[in-house]
Amino acid sequence: MAELTPEAVNLLSEGIALLLGRWYALQNEPEKAQQLTVNIYQWLIRPSEALYVDELEDLLDDFMLSFNTDIDDGSVEEIADSLMIMHKECLEGNFASIVRLRQPVPTFNQRIQEQGGQFGNKDLGLSDDFISDHGKVIIFISSKSSPADEEPNFCVICQMDFEDQERIRVLDCHHEYHVECISKWFNVKRTCPICKSIALY
């Protein structure tokens, strides 16, 4: 079985930390991210043991559940897949994905400026017709007897609560937004504002 070189070991640890630092589930949680980085690193460098992605997914799930955080939007699987690919590349002496992770993530305003300042540029955003055909629109029904620990029902884009009988759009990742808010968002970006998954192709 191939082994990691000393250089690859160091870069793998860096790559894990960089990837977890971009995971929305650990945003503003540096201590948790650091602990999970150590756990994953130790799991990936186990000597002479086969590595399976479903075991890595379990590790991620168990860690988040230990902090009473249940992630069910598919991001755990995406992170696990990315980590397995990174480990394989490090074994091959290929560190391109880690080098890419070192690059800063463009801010929303920077991405607009890169497109010439044109809100809704066709190369970055999507047409209203395309957006209207994606996901589903439902009527929000408020529940006055919602449990205290239930996630708040509000649109993260405008930070306003969903009103009873209001139209909201549900994406494939199951996150919900005001129809108008997410339409404007998709004029510029194709990713879900919460989980950052590619919502539209």
# chains A, B, ... in the order shown; residues from 1 in each chain; ligands from 1
$ residues_around --residues "A:Leu59" --least-positions-apart "6" --cutoff "12 Å" --atoms "only C-alpha atoms" --output "list in words"
Leu36, Thr37, Val38, Asn39, Ile40, Tyr41, Gln42, Trp43, Leu44, Tyr52, Val53, Leu65, Ser66, Val76, Glu77, Ile79 and Ala80 of chain A
$ closest_residue --among "A:Ile194, A:Val170, A:Met64, A:Leu91" --to "A:Val137" --atoms "only C-alpha atoms"
A:Val170
$ closest_residue --among "A:Arg102, A:Cys90, A:Cys158, A:Ile138" --to "A:Leu12" --atoms "only C-alpha atoms"
A:Cys90
$ residues_around --residues "A:Tyr24" --least-positions-apart "2" --cutoff "9 Å" --atoms "only C-alpha atoms" --output "VMD selection string"
chain A and resid 20 to 22 26 to 28 75 194 to 196
$ closest_residue --among "A:Cys173, A:Asp58, A:Ile141, A:Lys136" --to "A:Asp161" --atoms "only C-alpha atoms"
A:Ile141
$ atom_distance --atom1 "atom CA of A:Gln34" --atom2 "atom CA of A:Ala8"
19.0 Å
